[in-house]
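Participant: Below: one structure in structure tokens.
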Amino acid sequence: MKSYRTLAIKELLSQKVTSILILLAVILSTMMTTIVGQSIGALAAMREQQAIMIGGKRYATFLQMDAEQLHALRKDQRLSYIGASIYIGSMKLTPALNLGLTEYLGDNASIYPANTSIEEGRLPQKPMEIALSKDTLQYLGIEKHIGDKITLSLEKSLRHNIADSYTYTAEFVLTGILKNNYLGYTSGMITGIVGEGSAKNVLPSSHVYYNVDIRTVDKGKFQTIVDDINEQFQIHELDTSYNVVYLNALGISYNADSEDSNDTGFSFMMLAGILVAGLVLLAAGLVIYNILKISVSKRVKSYGILRAIGGEKGQLYQIVVIEVILLCLLGIPIGIALGSVSAKGILTASTTLISPEVFLVENASELKRLIAENSSLKGFYLLVSGVITLVFALIATLPAARYAAKVSPVLAMSGTSLKIRRKKRKKKVIRNFESYYARLNLKRNKGRTVITILSLVMSITVFIALQGFSSILNVASGLQDSHLGDYQITNETVGFTTENLHELLENSDVKNVAAIQFSLYEQNLDGRFDEIDVSFHLKPSETLQIVGINDEYWDYFMGTELKEEQLELLKSGNACVVRNPISVSYGEEQLETTSIEVGTTINVAGTSLKVINTLDGYEGYLGIGNSGFTNGIQVIVDDSIYSQLTGKNTYSEFLPTLNKNADRRSFDKFVEAFCGKIPGSTFLSYEETEQQLKESFAQIQMLAWGLIFFIGLIGILNIINTVYTNIHTRVTEIGMQRAIGMSATSLYKIFLWEGCILWYFCIYNRWLFGVCLYYLHWSSN
């Protein structure tokens, strides 16, 4: 006697349409999980490549280390990479832009591709050789060629004032012209490269210090290792520079109190991938459940007969589960194969459409190697993909299998007795029969209608989730918002008047202008200030800085940190924000610094000001252009009372933000003429910086949108699958309707009305979309 389990195969063959629909759902689900698994490696690699282009292939840098400390670090077994460079000095190109020269030791230059990419010639190899970018040569106002000599006047300053700054003039031989790198414009520094050994030729031994780049062997212990090194060598907290974009790309946890810290170390890209995969699997599971529930309902009488001749509940349960397992055994390998081919196709198509330079690699072969290394087939991930699909399919099968197992043989064989209860209805005119009949159809089986709506909702949610998914991959998003305004217009001599500010605001291309006023006062021999009276005393070597900013600058500077009543105090000229000096140490001795607390009332130039907020360290430092940091007390007030405190009524810097449809070329000409009228004025455009950041994200965006399109297509197929199943179950009913005279046109209209009503409920229940979008917004920020 054959086993009862063979009934599963017969049922599959007899219910061909149902079997094909379930098989399609399984194949599409497996394809999706396979594509995500195969693409996630390539996307992660591109994200890391973007971070390396921006900040270098380093986890952190210890600044101003001596030779003994460098030697000790090179022996530390916890570090997988140690690279050193020497900053030999800088010079002003414009008031807003400096040239900084760096000597890379050993192979340290290779971890900074953005700074060391050669356009012509070669990188410096011998002492007193130099490589500069095209824009640097333009700012210097000289036309030089490879092999020409360049004389530069430079200044080397040391952190924490451990020695006086050293000024010198040196002659270099130009060996290479670097590609322009605009990422340094926001910090006001363009990097030039000199040959190894140059520092010893131009700097005294007292000014030779090393910047040491590191990567750790154990990523999970990165912060612990850094803290231990800081404690071992007594490194100042401001002398440890974290490569935030690279750490975030790798998902490495670092100190939340570190500079620009905005990541917990958890891979949000992986979390987003899991969310998307889960949504698609849930959508497919709902499709499988819907089809099986309908299929089982149609076979209730057959299950009743099996129960009557001795079939047990467990046996009926097994029959339904075996049907799905058989379809999975067929569909999962097909889905894995198609998913692998599709993933490779997406990557190949995306990478052949644009230049390899946009992908931050030297040539096409390097790009192909990078993708091949990170998107190759991995047996473990393919196995996981198949298991996940099988588990979800079985979970979706359980309710239908349980329903089949509970079938009563008596009721099933005698025919299901349904008690129809009709509500009392008021007589009303049916204005549109097709719409009315569509509503009746959906109400007949509310459970099936709800499942159909959920299937549609989940498929749409997947597409929305994927659109947000691409923004999470952009490690440069924080840098794109790190500067205020689209231009920086500076004048540190005569300054700008209020009329100049109004002239900028009247330009049709300008949306708003953030403006800053700045005055710096140094102590005399008695520890007081000759030009201004204050009610507090500063510690030796500290300066007093009075800063006035307008409304647009306040919005950027403090954002929502200040309450409305505090802003009113600022506008009325009765309050200020104070930034306290950073702590300074000589060796192991920590020097005292001035500290003003919130709630204190200070007197500046005869005006009483209540301190409503304080900032410490570099946090919230305000300066002009990119002239650097001067330690001292900053008293930050509204620009309406700046002239009352300082006796000056000019602005030092304008930061205009343009409208979205602004004509950049036209505004460039306007700014050039604007600066030409005011002696000492210069301007810097961030357009090239923003363009470079956008191009650095193009590599990821292209791949992500290929993934979005393909999985969106899978979602659409799942929707078609669900709707077709819903209609196919009513084939007999539709035949009866046609037999009694209903036209094909009316049937089409009924189906269209049902679709419209289902879509309405999908949009009405948009809280599911809201949850998904809220998650995406939270994770990307």
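Here's how to read the names in the structure tokens: chain A, B, ... by the order shown, residue numbers from 1 in each chain, ligand numbers from 1 in the order shown.
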Could you list, as a list in words, every residue within 12 Å of Tyr436 in chain A, counting only C-alpha atoms and ignoring same-chain residues fewer than 4 positions away?
Facilitator: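 Surrounding residues, per the criterion: Lys428, Val429, Ile430, Arg431, Asn432, Leu440, Asn441, Leu442, Lys443, Ser746, Lys749, Ile750, Phe751, Trp753, Glu754 and Ile757 of chain A.
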Participant: Write out as a list in words which residues come within 10 Å of Leu658 in chain A when counting only C-alpha atoms, dropping same-chain ones fewer than 2 positions away.
Facilitator: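 Answer for this query is Gly485, Asp486, Tyr487, Asn507, Ser508, Asp509, Val510, Lys511, Asn512, Val513, Leu655, Pro656, Lys660, Asn661, Ala662, Asp663, Arg664 and Phe667 of chain A.
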Participant: When distances are computed from only C-alpha atoms, which of A:Asn631, A:Ser110, A:Asn603, A:Ser90 shows the smallest separation from Ser583 in chain A?
Facilitator: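 Closest candidate: A:Asn631.
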Participant: I'd like the interatomic distance between CA of Ile596 in chain A and CA of Lys539 in chain A, to a tenth of an Å.
Facilitator: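 Distance between the two atoms: 12.2 Å.
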Participant: From a DSSP calculation on the backbone, collect every residue of range 500-548 of chain A in strand (DSSP E) and output the set as a PyMOL selection string.
Facilitator: chain A and resi 510-521+543-548
Participant: Using only C-alpha atoms, which protein or nucleic acid residues come within 6 Å of range 158-173 of chain A? Drop anything in the same chain fewer than 5 positions from it, and give the result as a short mmCIF file (atom, residue, chain, number, x, y, z; two decimals) with N, CA, C and O atoms, in the first residue's frame.
Facilitator:
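Below is the file that was written, selection_18.cif:
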data_model
loop_
_atom_site.label_atom_id
_atom_site.label_comp_id
_atom_site.auth_asym_id
_atom_site.auth_seq_id
_atom_site.Cartn_x
_atom_site.Cartn_y
_atom_site.Cartn_z
N MET A 128 63.60 67.71 -0.60
CA MET A 128 63.38 68.98 -1.27
C MET A 128 62.72 68.84 -2.63
O MET A 128 62.75 69.76 -3.45
N GLU A 129 62.09 67.69 -2.90
CA GLU A 129 61.20 67.55 -4.04
C GLU A 129 59.78 67.80 -3.58
O GLU A 129 59.45 67.56 -2.40
N ILE A 130 58.93 68.28 -4.48
CA ILE A 130 57.59 68.67 -4.07
C ILE A 130 56.58 68.34 -5.18
O ILE A 130 56.92 68.35 -6.37
N GLY A 147 60.07 69.85 -13.01
CA GLY A 147 61.51 70.13 -12.99
C GLY A 147 61.85 71.55 -12.60
O GLY A 147 63.01 71.86 -12.28
N ASP A 148 60.85 72.46 -12.59
CA ASP A 148 61.11 73.85 -12.18
C ASP A 148 61.28 73.95 -10.67
O ASP A 148 60.78 73.12 -9.91
N LYS A 149 61.96 75.02 -10.24
CA LYS A 149 62.16 75.26 -8.81
C LYS A 149 61.09 76.22 -8.29
O LYS A 149 60.69 77.16 -8.97
N ILE A 150 60.63 75.96 -7.06
CA ILE A 150 59.59 76.78 -6.42
C ILE A 150 60.09 77.20 -5.05
O ILE A 150 60.52 76.36 -4.24
N THR A 151 60.02 78.49 -4.76
CA THR A 151 60.42 79.03 -3.45
C THR A 151 59.16 79.37 -2.65
O THR A 151 58.31 80.11 -3.13
N LEU A 152 59.09 78.82 -1.44
CA LEU A 152 57.93 79.02 -0.58
C LEU A 152 58.34 79.55 0.78
O LEU A 152 59.37 79.13 1.33
N SER A 153 57.55 80.48 1.32
CA SER A 153 57.75 80.99 2.68
C SER A 153 56.76 80.29 3.60
O SER A 153 55.54 80.44 3.42
#
Participant: Using Å and a single decimal, report how far CA of Leu7 in chain A sits from CA of Ala25 in chain A.
Facilitator: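 Atom-to-atom, CA of Ala25 in chain A to CA of Leu7 in chain A, that is 22.3 Å.
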Participant: My list of candidates is A:Tyr289, A:Phe674, A:Phe683, A:Tyr254. Which is closest to Val321 in chain A when distances are computed with only C-alpha atoms?
Facilitator: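 Of A:Tyr289, A:Phe674, A:Phe683, A:Tyr254, the one nearest Val321 in chain A is A:Tyr289, counting only C-alpha atoms.
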Participant: Given the choices A:Thr493, A:Ser666, A:Gln318, A:Ser640, which gets closest to Pro679 in chain A if the distance is worked out from only C-alpha atoms?
Facilitator: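 Distance minimum relative to Pro679 in chain A lands on A:Thr493.
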